[in-house]
file start37.csv (CSV, C-alpha atoms)
chain,number,residue,atom,x,y,z
A,8,MET,CA,4.2,-18.8,42.6
A,9,THR,CA,2.4,-19.7,45.8
A,10,SER,CA,-1.3,-20.5,45.8
A,11,THR,CA,-3.8,-21.5,48.5
A,12,SER,CA,-5.7,-24.7,48.7
A,13,SER,CA,-9.0,-22.9,48.9
A,14,LYS,CA,-10.6,-19.7,47.7
A,15,PRO,CA,-9.8,-16.6,49.6
A,16,THR,CA,-12.7,-14.7,51.4
A,17,ARG,CA,-13.6,-11.1,50.7
A,18,ASP,CA,-13.0,-10.0,54.3
A,19,LEU,CA,-9.3,-10.8,54.2
A,20,LEU,CA,-8.6,-7.4,52.7
A,21,PHE,CA,-10.6,-5.3,55.2
A,22,PRO,CA,-8.1,-5.4,58.1
A,23,GLU,CA,-5.7,-3.2,56.1
A,24,LEU,CA,-8.3,-0.4,55.8
A,25,SER,CA,-8.0,2.2,58.5
A,26,ASP,CA,-11.2,3.5,60.2
A,27,SER,CA,-10.0,7.0,59.2
A,28,ILE,CA,-11.1,8.0,55.7
A,29,GLU,CA,-8.2,10.4,55.5
A,30,LYS,CA,-5.8,7.5,56.2
A,31,ARG,CA,-7.6,5.4,53.6
A,32,ILE,CA,-7.2,8.0,50.9
A,33,SER,CA,-3.6,8.4,51.8
A,34,TRP,CA,-3.0,4.6,51.5
A,35,PHE,CA,-4.9,4.4,48.3
A,36,GLN,CA,-2.9,7.2,46.7
A,37,GLN,CA,0.4,5.8,48.0
A,38,MET,CA,-0.5,2.4,46.5
A,39,GLN,CA,-1.4,4.0,43.2
A,40,LYS,CA,2.1,5.6,43.1
A,41,ASP,CA,4.2,2.8,44.5
A,42,GLU,CA,2.5,-0.4,43.8
A,43,PRO,CA,-0.6,0.1,41.5
A,44,LEU,CA,-0.9,-3.7,41.1
A,45,ARG,CA,0.0,-5.7,44.1
A,46,PHE,CA,0.4,-9.5,44.0
A,47,ARG,CA,-0.5,-11.5,47.1
A,48,PRO,CA,1.1,-14.9,46.5
A,49,GLU,CA,-0.5,-16.4,49.7
A,50,TYR,CA,-3.9,-15.9,48.1
A,51,ASN,CA,-2.9,-16.1,44.4
A,52,LEU,CA,-4.5,-12.7,44.1
A,53,TRP,CA,-3.8,-9.3,42.5
A,54,GLU,CA,-5.1,-6.0,43.9
A,55,VAL,CA,-5.6,-3.1,41.5
A,56,PHE,CA,-5.6,0.5,42.7
A,57,ARG,CA,-5.4,2.9,39.7
A,58,TYR,CA,-8.5,4.2,38.0
A,59,GLU,CA,-7.3,3.3,34.5
A,60,ASP,CA,-6.6,-0.3,35.5
A,61,VAL,CA,-9.7,-0.7,37.6
A,62,ASN,CA,-11.8,0.6,34.7
A,63,HIS,CA,-10.1,-1.7,32.2
A,64,VAL,CA,-10.8,-4.8,34.3
A,65,LEU,CA,-14.5,-3.9,34.9
A,66,LYS,CA,-15.1,-3.1,31.2
A,67,ASN,CA,-13.5,-6.4,29.9
A,68,PRO,CA,-15.4,-9.4,31.3
A,69,ASP,CA,-14.1,-11.5,28.3
A,70,THR,CA,-10.7,-11.3,30.0
A,71,PHE,CA,-11.7,-10.9,33.7
A,72,SER,CA,-14.6,-13.2,34.6
A,73,VAL,CA,-17.2,-12.5,37.2
A,74,THR,CA,-17.7,-16.2,37.8
A,75,ASN,CA,-15.8,-18.3,40.3
A,76,LYS,CA,-14.8,-15.2,42.2
A,77,THR,CA,-15.1,-16.2,45.8
A,78,HIS,CA,-17.2,-18.3,48.1
A,79,LEU,CA,-20.2,-16.0,48.1
A,80,GLY,CA,-22.8,-18.7,48.5
A,81,LEU,CA,-25.4,-16.6,46.7
A,82,PRO,CA,-28.1,-18.7,44.9
A,83,PHE,CA,-27.9,-16.3,42.0
A,84,SER,CA,-26.7,-12.8,41.2
A,85,PHE,CA,-26.8,-10.9,37.9
A,86,GLY,CA,-23.4,-9.7,39.1
A,87,ARG,CA,-21.8,-13.1,38.8
A,88,ALA,CA,-23.7,-14.7,35.9
A,89,ASP,CA,-21.3,-15.3,33.0
A,90,ILE,CA,-21.7,-13.2,29.8
A,91,PRO,CA,-24.2,-15.2,27.7
A,92,GLU,CA,-26.5,-15.9,30.7
A,93,HIS,CA,-26.1,-12.4,32.0
A,94,ARG,CA,-27.2,-10.9,28.7
A,95,PHE,CA,-30.1,-13.4,28.4
A,96,LEU,CA,-31.5,-12.9,31.9
A,97,ARG,CA,-30.8,-9.2,32.2
A,98,GLY,CA,-32.8,-8.5,29.1
A,99,PHE,CA,-36.0,-9.6,30.9
A,100,VAL,CA,-35.7,-7.0,33.6
A,101,ALA,CA,-33.4,-4.2,32.4
A,102,ARG,CA,-36.3,-2.1,31.2
A,103,SER,CA,-37.5,-1.8,34.8
A,104,PHE,CA,-34.2,-0.1,35.7
A,105,VAL,CA,-33.9,2.3,32.8
A,106,PRO,CA,-33.5,5.7,34.4
A,107,GLY,CA,-36.3,7.2,32.3
A,108,ASN,CA,-38.7,4.4,33.4
A,109,ILE,CA,-37.7,4.9,37.1
A,110,GLU,CA,-38.1,8.7,36.8
A,111,SER,CA,-41.6,8.2,35.4
A,112,ARG,CA,-42.5,6.7,38.8
A,113,ALA,CA,-41.3,9.8,40.7
A,114,PRO,CA,-44.8,10.9,41.7
A,115,GLU,CA,-45.6,7.5,43.2
A,116,PHE,CA,-42.2,7.4,45.0
A,117,THR,CA,-42.7,10.9,46.4
A,118,SER,CA,-46.1,9.9,47.9
A,119,MET,CA,-44.4,6.9,49.5
A,120,VAL,CA,-41.7,9.1,51.0
A,121,ASP,CA,-44.1,11.7,52.3
A,122,SER,CA,-46.2,9.0,54.0
A,123,LEU,CA,-43.1,7.7,55.7
A,124,LEU,CA,-42.0,11.1,56.8
A,125,ALA,CA,-45.4,12.1,58.2
A,126,HIS,CA,-44.7,10.7,61.7
A,127,ALA,CA,-41.4,12.5,61.9
A,128,LEU,CA,-43.2,15.8,61.1
A,129,THR,CA,-45.2,15.4,64.3
A,130,SER,CA,-42.8,13.5,66.6
A,131,GLY,CA,-39.6,15.2,65.5
A,132,ARG,CA,-37.7,11.9,65.6
A,133,MET,CA,-36.9,9.1,63.2
A,134,GLU,CA,-34.6,6.1,62.8
A,135,ILE,CA,-33.5,6.6,59.3
A,136,LEU,CA,-32.9,3.0,58.2
A,137,GLY,CA,-35.7,1.2,60.0
A,138,GLU,CA,-38.5,3.8,59.6
A,139,LEU,CA,-37.6,5.3,56.2
A,140,CYS,CA,-35.1,3.5,54.0
A,141,TYR,CA,-36.2,-0.2,54.2
A,142,PRO,CA,-39.9,0.5,54.4
A,143,LEU,CA,-39.6,2.7,51.3
A,144,MET,CA,-37.7,0.0,49.4
A,145,GLU,CA,-40.2,-2.7,50.5
A,146,ARG,CA,-43.0,-0.6,49.0
A,147,VAL,CA,-41.1,0.2,45.8
A,148,VAL,CA,-40.3,-3.5,45.2
A,149,ALA,CA,-44.0,-4.4,45.7
A,150,ASP,CA,-45.0,-1.5,43.4
A,151,MET,CA,-42.5,-2.3,40.6
A,152,PHE,CA,-42.4,-6.1,40.7
A,153,GLY,CA,-45.4,-7.2,42.6
A,154,LEU,CA,-43.2,-9.1,45.1
A,155,ARG,CA,-44.7,-9.4,48.5
A,156,ILE,CA,-42.4,-9.5,51.6
A,157,THR,CA,-44.5,-10.6,54.6
A,158,GLY,CA,-43.5,-10.3,58.2
A,159,VAL,CA,-42.2,-7.3,60.1
A,160,GLY,CA,-38.5,-6.7,59.5
A,161,ARG,CA,-38.1,-9.6,57.2
A,162,PHE,CA,-37.4,-7.5,54.1
A,163,ARG,CA,-34.6,-5.6,55.9
A,164,GLU,CA,-33.2,-8.8,57.3
A,165,TRP,CA,-33.0,-10.4,53.8
A,166,SER,CA,-31.6,-7.3,52.2
A,167,ASP,CA,-28.9,-7.0,54.8
A,168,GLN,CA,-28.2,-10.7,54.4
A,169,MET,CA,-27.7,-10.4,50.7
A,170,PHE,CA,-25.5,-7.3,50.7
A,171,GLY,CA,-23.6,-8.4,53.8
A,172,GLN,CA,-22.9,-11.7,52.1
A,173,LEU,CA,-21.7,-9.9,49.0
A,174,ILE,CA,-19.2,-7.9,50.9
A,175,GLY,CA,-18.1,-10.8,53.1
A,176,VAL,CA,-19.6,-10.1,56.5
A,177,ARG,CA,-22.6,-12.5,56.5
A,178,SER,CA,-23.1,-16.2,56.0
A,179,PRO,CA,-25.5,-17.7,53.4
A,180,ASP,CA,-29.0,-18.5,54.5
A,181,HIS,CA,-31.7,-18.0,51.9
A,182,ALA,CA,-34.1,-20.8,52.7
A,183,ASP,CA,-36.9,-18.6,54.0
A,184,VAL,CA,-37.0,-16.1,51.2
A,185,VAL,CA,-36.6,-18.8,48.5
A,186,ALA,CA,-39.6,-20.6,50.1
A,187,LEU,CA,-41.6,-17.4,50.1
A,188,PHE,CA,-41.0,-16.7,46.4
A,189,THR,CA,-41.6,-20.3,45.5
A,190,GLU,CA,-45.1,-19.9,47.0
A,191,GLN,CA,-45.7,-16.7,45.1
A,192,LEU,CA,-44.5,-18.4,41.9
A,193,ASP,CA,-47.0,-21.2,42.4
A,194,GLU,CA,-49.7,-18.7,43.0
A,195,ARG,CA,-48.9,-16.8,39.8
A,196,LYS,CA,-49.2,-20.1,37.9
A,197,ARG,CA,-52.7,-20.4,39.1
A,198,ASN,CA,-53.6,-16.7,38.8
A,199,PRO,CA,-51.3,-14.7,36.6
A,200,SER,CA,-51.3,-11.0,37.1
A,201,ASP,CA,-49.6,-7.9,35.7
A,202,ASP,CA,-46.3,-8.2,37.5
A,203,LEU,CA,-42.7,-9.4,36.9
A,204,MET,CA,-43.1,-12.9,38.1
A,205,SER,CA,-46.1,-13.6,35.8
A,206,ALA,CA,-44.2,-12.0,32.9
A,207,LEU,CA,-41.2,-14.3,33.6
A,208,LEU,CA,-43.5,-17.3,33.7
A,209,ALA,CA,-45.0,-16.3,30.4
A,210,GLU,CA,-41.5,-16.0,28.9
A,211,ARG,CA,-40.7,-19.5,30.3
A,212,SER,CA,-43.5,-21.0,28.3
A,213,ARG,CA,-41.9,-19.6,25.2
A,214,ASP,CA,-38.2,-20.2,26.1
A,215,GLY,CA,-37.4,-23.3,28.1
A,216,ARG,CA,-34.0,-21.9,29.1
A,217,LEU,CA,-35.7,-19.8,31.8
A,218,ALA,CA,-36.0,-22.4,34.5
A,219,GLU,CA,-38.4,-21.9,37.4
A,220,GLU,CA,-35.5,-22.0,39.9
A,221,LYS,CA,-33.9,-19.2,37.9
A,222,ILE,CA,-37.1,-17.1,38.1
A,223,ILE,CA,-37.1,-17.4,41.9
A,224,HIS,CA,-33.4,-16.5,42.1
A,225,MET,CA,-33.9,-13.5,39.8
A,226,CYS,CA,-36.8,-12.2,41.9
A,227,LEU,CA,-34.6,-12.6,45.0
A,228,ASP,CA,-31.9,-10.6,43.3
A,229,LEU,CA,-34.3,-7.9,42.1
A,230,ALA,CA,-36.1,-7.7,45.5
A,231,THR,CA,-32.8,-6.7,47.1
A,232,ALA,CA,-31.2,-4.7,44.3
A,233,GLY,CA,-30.4,-1.3,45.6
A,234,ASN,CA,-31.8,-1.8,49.0
A,235,ALA,CA,-28.7,-1.8,51.1
A,236,PRO,CA,-26.8,0.6,48.8
A,237,LEU,CA,-29.8,3.1,49.1
A,238,SER,CA,-29.9,2.7,52.9
A,239,LEU,CA,-26.2,3.2,53.3
A,240,MET,CA,-26.1,6.2,50.9
A,241,LEU,CA,-28.9,7.9,52.8
A,242,ALA,CA,-27.4,7.0,56.1
A,243,TYR,CA,-24.1,8.5,55.0
A,244,ALA,CA,-25.9,11.6,53.7
A,245,ILE,CA,-27.9,12.1,56.9
A,246,ALA,CA,-24.8,11.6,59.1
A,247,ARG,CA,-23.0,14.3,57.1
A,248,PHE,CA,-26.0,16.7,57.6
A,249,CYS,CA,-25.7,16.1,61.3
A,250,LEU,CA,-22.0,16.7,61.3
A,251,ASP,CA,-22.1,19.6,58.9
A,252,PRO,CA,-25.2,21.8,59.3
A,253,GLN,CA,-23.8,24.2,56.7
A,254,LEU,CA,-24.0,21.4,54.1
A,255,TYR,CA,-27.6,20.8,55.0
A,256,LEU,CA,-28.4,24.5,54.8
A,257,THR,CA,-26.7,24.7,51.4
A,258,LEU,CA,-29.0,21.9,50.0
A,259,ARG,CA,-32.0,23.5,51.6
A,260,ARG,CA,-31.2,26.7,49.8
A,261,ASP,CA,-30.5,25.0,46.5
A,262,PRO,CA,-32.0,21.5,46.2
A,263,SER,CA,-30.7,21.3,42.6
A,264,LEU,CA,-27.3,20.4,44.2
A,265,ILE,CA,-28.7,17.2,45.6
A,266,PRO,CA,-27.9,14.9,42.6
A,267,GLY,CA,-24.3,16.1,42.7
A,268,ALA,CA,-24.2,15.5,46.5
A,269,ILE,CA,-25.4,11.9,45.9
A,270,GLU,CA,-22.7,11.2,43.4
A,271,GLU,CA,-20.0,12.6,45.7
A,272,ILE,CA,-21.4,10.5,48.6
A,273,LEU,CA,-21.2,7.5,46.4
A,274,ARG,CA,-17.6,8.4,45.4
A,275,TYR,CA,-16.3,9.4,48.8
A,276,ASP,CA,-18.2,7.5,51.5
A,277,PHE,CA,-18.2,4.1,50.0
A,278,SER,CA,-14.4,4.1,50.5
A,279,TRP,CA,-14.2,0.4,51.5
A,280,PHE,CA,-15.6,-1.1,48.4
A,281,ASN,CA,-13.9,-3.6,46.1
A,282,LEU,CA,-15.0,-6.0,43.3
A,283,TRP,CA,-13.6,-9.4,42.5
A,284,ARG,CA,-12.8,-11.0,39.1
A,285,THR,CA,-10.9,-14.0,37.9
A,286,ALA,CA,-8.5,-14.0,34.9
A,287,ARG,CA,-9.8,-16.2,32.2
A,288,SER,CA,-6.4,-16.5,30.4
A,289,ASP,CA,-2.9,-15.1,30.7
A,290,THR,CA,-3.0,-11.4,30.2
A,291,VAL,CA,-1.1,-8.2,30.9
A,292,LEU,CA,-2.5,-5.3,33.0
A,293,GLY,CA,-0.5,-2.2,33.9
A,294,GLY,CA,2.7,-3.8,32.7
A,295,ARG,CA,2.2,-6.9,35.0
A,296,GLU,CA,1.6,-10.4,33.8
A,297,ILE,CA,-1.5,-12.0,35.3
A,298,ARG,CA,-2.0,-15.7,35.0
A,299,ALA,CA,-5.2,-17.6,34.1
A,300,GLY,CA,-7.1,-18.5,37.2
A,301,GLN,CA,-5.6,-15.8,39.4
A,302,TYR,CA,-8.0,-13.6,41.4
A,303,VAL,CA,-8.1,-9.9,40.5
A,304,VAL,CA,-9.5,-7.5,43.2
A,305,VAL,CA,-10.3,-4.1,41.9
A,306,TRP,CA,-10.4,-1.4,44.5
A,307,ASP,CA,-13.0,0.8,42.9
A,308,SER,CA,-12.9,2.9,46.1
A,309,SER,CA,-9.2,3.5,45.5
A,310,ALA,CA,-9.9,4.4,41.8
A,311,ASN,CA,-12.4,7.1,43.1
A,312,PHE,CA,-9.5,8.9,44.8
A,313,ASP,CA,-7.1,8.9,41.8
A,314,GLU,CA,-6.0,12.5,41.3
A,315,ASN,CA,-5.7,11.9,37.5
A,316,TYR,CA,-9.5,11.7,37.4
A,317,PHE,CA,-10.6,13.5,40.6
A,318,PRO,CA,-8.5,16.6,41.3
A,319,ASN,CA,-8.3,17.4,45.0
A,320,ALA,CA,-9.7,13.9,45.5
A,321,GLU,CA,-9.4,14.1,49.3
A,322,ARG,CA,-11.9,16.9,49.4
A,323,PHE,CA,-15.6,16.2,49.7
A,324,ASP,CA,-17.2,18.5,47.0
A,325,ILE,CA,-20.9,18.2,46.1
A,326,ARG,CA,-20.2,20.5,43.1
A,327,ARG,CA,-17.6,18.1,41.7
A,328,SER,CA,-18.0,17.8,37.9
A,329,PRO,CA,-17.3,15.6,36.2
A,330,ASN,CA,-17.6,12.8,38.8
A,331,PRO,CA,-17.0,9.5,36.9
A,332,HIS,CA,-16.8,7.4,40.1
A,333,LEU,CA,-16.7,3.6,39.8
A,334,THR,CA,-18.7,2.8,42.9
A,335,PHE,CA,-20.8,-0.3,42.2
A,336,GLY,CA,-19.0,-1.2,39.0
A,337,GLN,CA,-18.7,-0.2,35.3
A,338,GLY,CA,-19.6,-1.7,32.0
A,339,MET,CA,-22.2,-4.5,31.5
A,340,TYR,CA,-21.9,-5.6,35.1
A,341,ILE,CA,-22.7,-2.2,36.7
A,342,CYS,CA,-25.0,-2.6,39.6
A,343,LEU,CA,-28.6,-3.1,38.3
A,344,GLY,CA,-30.1,-1.1,41.1
A,345,LEU,CA,-27.9,2.0,40.8
A,346,PRO,CA,-30.5,4.1,38.8
A,347,LEU,CA,-33.1,3.3,41.5
A,348,VAL,CA,-30.6,4.4,44.2
A,349,ARG,CA,-30.1,7.7,42.4
A,350,VAL,CA,-33.8,8.5,41.8
A,351,LEU,CA,-35.0,7.4,45.2
A,352,GLY,CA,-32.1,9.0,46.9
A,353,ARG,CA,-32.8,12.3,45.2
A,354,ILE,CA,-36.5,12.2,46.1
A,355,VAL,CA,-35.8,11.3,49.8
A,356,LEU,CA,-33.3,14.1,50.2
A,357,GLU,CA,-35.5,16.7,48.4
A,358,ARG,CA,-38.4,15.9,50.7
A,359,ILE,CA,-36.2,15.9,53.8
A,360,VAL,CA,-34.6,19.3,53.1
A,361,GLY,CA,-37.9,20.7,52.1
A,362,SER,CA,-39.7,19.4,55.2
A,363,PHE,CA,-37.2,20.0,58.1
A,364,SER,CA,-35.2,23.1,58.9
A,365,ASP,CA,-32.7,21.2,61.1
A,366,ILE,CA,-31.5,17.6,61.6
A,367,ARG,CA,-29.1,16.3,64.2
A,368,PHE,CA,-28.0,13.1,65.9
A,369,SER,CA,-30.2,11.8,68.7
A,370,SER,CA,-28.3,12.2,72.0
A,371,GLU,CA,-30.2,9.2,73.5
A,372,LYS,CA,-29.5,6.6,70.7
A,373,PRO,CA,-26.0,6.8,69.1
A,374,MET,CA,-25.5,5.7,65.6
A,375,ARG,CA,-24.6,1.9,65.4
A,376,SER,CA,-22.6,0.0,62.9
A,377,LEU,CA,-21.8,-3.7,62.3
A,378,ASP,CA,-19.2,-5.1,64.6
A,379,GLN,CA,-17.3,-6.5,61.7
A,380,MET,CA,-17.3,-3.3,59.7
A,381,LYS,CA,-17.6,0.2,61.1
A,382,ASP,CA,-18.7,1.6,57.7
A,383,TYR,CA,-21.9,-0.5,57.6
A,384,ILE,CA,-24.4,1.6,59.5
A,385,VAL,CA,-27.3,-0.4,60.9
A,386,SER,CA,-29.2,2.3,62.9
A,387,LEU,CA,-29.2,6.1,62.8
A,388,ASP,CA,-31.6,7.9,65.1
A,389,VAL,CA,-32.0,11.6,64.4
A,390,VAL,CA,-34.0,14.6,65.8
A,391,LEU,CA,-35.7,16.8,63.2
A,392,THR,CA,-37.2,20.3,63.3
A,393,PRO,CA,-40.2,20.7,61.0
A,394,SER,CA,-39.7,23.6,58.6
A,395,ASN,CA,-41.8,26.8,58.6
A,396,GLY,CA,-41.5,26.9,54.8
A,397,THR,CA,-38.7,29.5,54.6
A,398,VAL,CA,-34.9,29.1,54.3
A,399,SER,CA,-32.8,31.9,55.8
call {"tool": "encode", "arguments": {"input": "start37.csv", "output": "structure tokens"}}
result
Amino acid sequence: MTSTSSKPTRDLLFPELSDSIEKRISWFQQMQKDEPLRFRPEYNLWEVFRYEDVNHVLKNPDTFSVTNKTHLGLPFSFGRADIPEHRFLRGFVARSFVPGNIESRAPEFTSMVDSLLAHALTSGRMEILGELCYPLMERVVADMFGLRITGVGRFREWSDQMFGQLIGVRSPDHADVVALFTEQLDERKRNPSDDLMSALLAERSRDGRLAEEKIIHMCLDLATAGNAPLSLMLAYAIARFCLDPQLYLTLRRDPSLIPGAIEEILRYDFSWFNLWRTARSDTVLGGREIRAGQYVVVWDSSANFDENYFPNAERFDIRRSPNPHLTFGQGMYICLGLPLVRVLGRIVLERIVGSFSDIRFSSEKPMRSLDQMKDYIVSLDVVLTPSNGTVS
């Protein structure tokens, strides 16, 4: 067995992905058939492509550890805290992300969305990420957690930094946001209020295991949970509407299809996603022997095109049911912000299809993506036609 002297980076796998989604699907399905588990000796790393195997890895953190995955450089993440710490810390905040609790805030979220769409109703133009997605999440974070992000564009900058670092296209630099939350923590010590940080400080007084540094890092994690995924999901949705006016008209006629459309966008358009684990001990997966300490990369994006679970997987189908996609994980380490993405995404799309009869790309400002990754949209300018209230 060959191993490397240092940990592999997440971006080493991206060059093999085609820019064409059709070619990606074909490659994923070919790997599922010919080499469902591929060993990369130069990196001491296994890649996992079939749904059954991916799901098994994600649901068994006792065997496949989330710690020591790669050089992420994140100060803290629920997604890489080991099992006891993960359960201990997540218990403090999980209630905030319960779907029912998030849904109860729908009227507040709807008012936020309407206020952000107001300018587009008069101007007929909007940059979806900068004028809608990130300002919305900034308000939601302030409303749910009492975390203030000061400075124009800083919230988006930090969100992009965290998510870009997670997927391997950004370098770590968290000094500013850590300093900001440290200041807010000191303020809450002097003047507690009815918010998350004050609640965590009160818990610290009862349980010394919750260090102040950990409170700051938890707030950093929560402040960015769901931000980039929501922005990307909505960018993918709006781009699809521009490319396929019939899809947009279908959702205008029947907004009840929007939740299914969101799930299919999460399955289909996040076709570049993978999650990393490390084998805690020698084990067998899919008939292959994996040694302790070896990296295990699960292609959840590949699993989402496994014909055994998604018939006609290559077809984008907003009526697909069931749709048990694995985007953003499974089991106890599933993305904390996913319920927020679903509820906010539904509200945003409902208000857009109800407010505008037509949406199309701006001819003056083309959609832009990260240089390192075509799939990571950073700006999406559109032209919108306000609705007259009827759908023909």
call {"tool": "residues_around", "arguments": {"input": "start37.csv", "residues": "region 375-389 of chain A", "least_positions_apart": "6", "cutoff": "9 Å", "atoms": "only C-alpha atoms", "output": "number ranges by chain"}}
result
A: 21, 26, 131-137, 171, 176, 238-239, 242-243, 245-246, 249, 276-279, 366-369
call {"tool": "residues_around", "arguments": {"input": "start37.csv", "residues": "Glu59 (chain A)", "least_positions_apart": "5", "cutoff": "10 Å", "atoms": "only C-alpha atoms", "output": "ChimeraX atom specification"}}
result
/A:64,292-293,310,313,315-316
call {"tool": "atom_distance", "arguments": {"input": "start37.csv", "atom1": "CA of Arg298 (chain A)", "atom2": "CA of Ala286 (chain A)"}}
result
6.7 Å
call {"tool": "residues_around", "arguments": {"input": "start37.csv", "residues": "Arg284 (chain A)", "least_positions_apart": "6", "cutoff": "12 Å", "atoms": "all atoms listed in the file", "output": "PyMOL selection string"}}
result
chain A and resi 17+52-55+61+63-77+86-89+297+299-306+336+340
call {"tool": "residues_around", "arguments": {"input": "start37.csv", "residues": "Leu24 (chain A)", "least_positions_apart": "3", "cutoff": "10 Å", "atoms": "all atoms listed in the file", "output": "PyMOL selection string"}}
result
chain A and resi 20-21+27-28+30-32+34-35+278-279
call {"tool": "atom_distance", "arguments": {"input": "start37.csv", "atom1": "CA of Pro373 (chain A)", "atom2": "CA of Pro252 (chain A)"}}
result
17.9 Å
call {"tool": "atom_distance", "arguments": {"input": "start37.csv", "atom1": "CA of Ile90 (chain A)", "atom2": "CA of Val348 (chain A)"}}
result
24.4 Å
call {"tool": "residues_around", "arguments": {"input": "start37.csv", "residues": "Ala320 (chain A)", "least_positions_apart": "6", "cutoff": "10 Å", "atoms": "only C-alpha atoms", "output": "ChimeraX atom specification"}}
result
/A:32,36,274-275,311-314,327
call {"tool": "write_last_selection", "arguments": {"input": "start37.csv", "atoms": "C-alpha atoms", "output": "PDB file, in the coordinates of the input"}}
result
ATOM      1  CA  ILE A  32      -7.200   8.000  50.900  1.00  0.00           C
ATOM      2  CA  GLN A  36      -2.900   7.200  46.700  1.00  0.00           C
ATOM      3  CA  ARG A 274     -17.600   8.400  45.400  1.00  0.00           C
ATOM      4  CA  TYR A 275     -16.300   9.400  48.800  1.00  0.00           C
ATOM      5  CA  ASN A 311     -12.400   7.100  43.100  1.00  0.00           C
ATOM      6  CA  PHE A 312      -9.500   8.900  44.800  1.00  0.00           C
ATOM      7  CA  ASP A 313      -7.100   8.900  41.800  1.00  0.00           C
ATOM      8  CA  GLU A 314      -6.000  12.500  41.300  1.00  0.00           C
ATOM      9  CA  ARG A 327     -17.600  18.100  41.700  1.00  0.00           C
TER      10      ARG A 327
END
call {"tool": "closest_residue", "arguments": {"input": "start37.csv", "among": "A:Val390, A:Asn395, A:Arg349, A:Pro15", "to": "Asn51 (chain A)", "atoms": "all atoms listed in the file"}}
result
A:Pro15
call {"tool": "closest_residue", "arguments": {"input": "start37.csv", "among": "A:Gln168, A:Ile359, A:Phe104, A:Lys372", "to": "Thr392 (chain A)", "atoms": "all atoms listed in the file"}}
result
A:Ile359
call {"tool": "closest_residue", "arguments": {"input": "start37.csv", "among": "A:Gln191, A:Asn108, A:Thr16, A:Ser364", "to": "Leu203 (chain A)", "atoms": "all atoms listed in the file"}}
result
A:Gln191
call {"tool": "closest_residue", "arguments": {"input": "start37.csv", "among": "A:Val291, A:Leu333, A:Met339, A:Met119", "to": "Ser308 (chain A)", "atoms": "only C-alpha atoms"}}
result
A:Leu333
call {"tool": "closest_residue", "arguments": {"input": "start37.csv", "among": "A:Glu110, A:Asp261, A:Glu164, A:Asp324", "to": "Leu273 (chain A)", "atoms": "all atoms listed in the file"}}
result
A:Asp324
call {"tool": "axis_aligned_box", "arguments": {"input": "start37.csv", "around": "region 103-109 of chain A", "padding_each_side": "6 Å", "output": "lines of an AutoDock Vina configuration file"}}
result
center_x = -36.1
center_y = 2.7
center_z = 34.7
size_x = 17.2
size_y = 21.0
size_z = 16.8
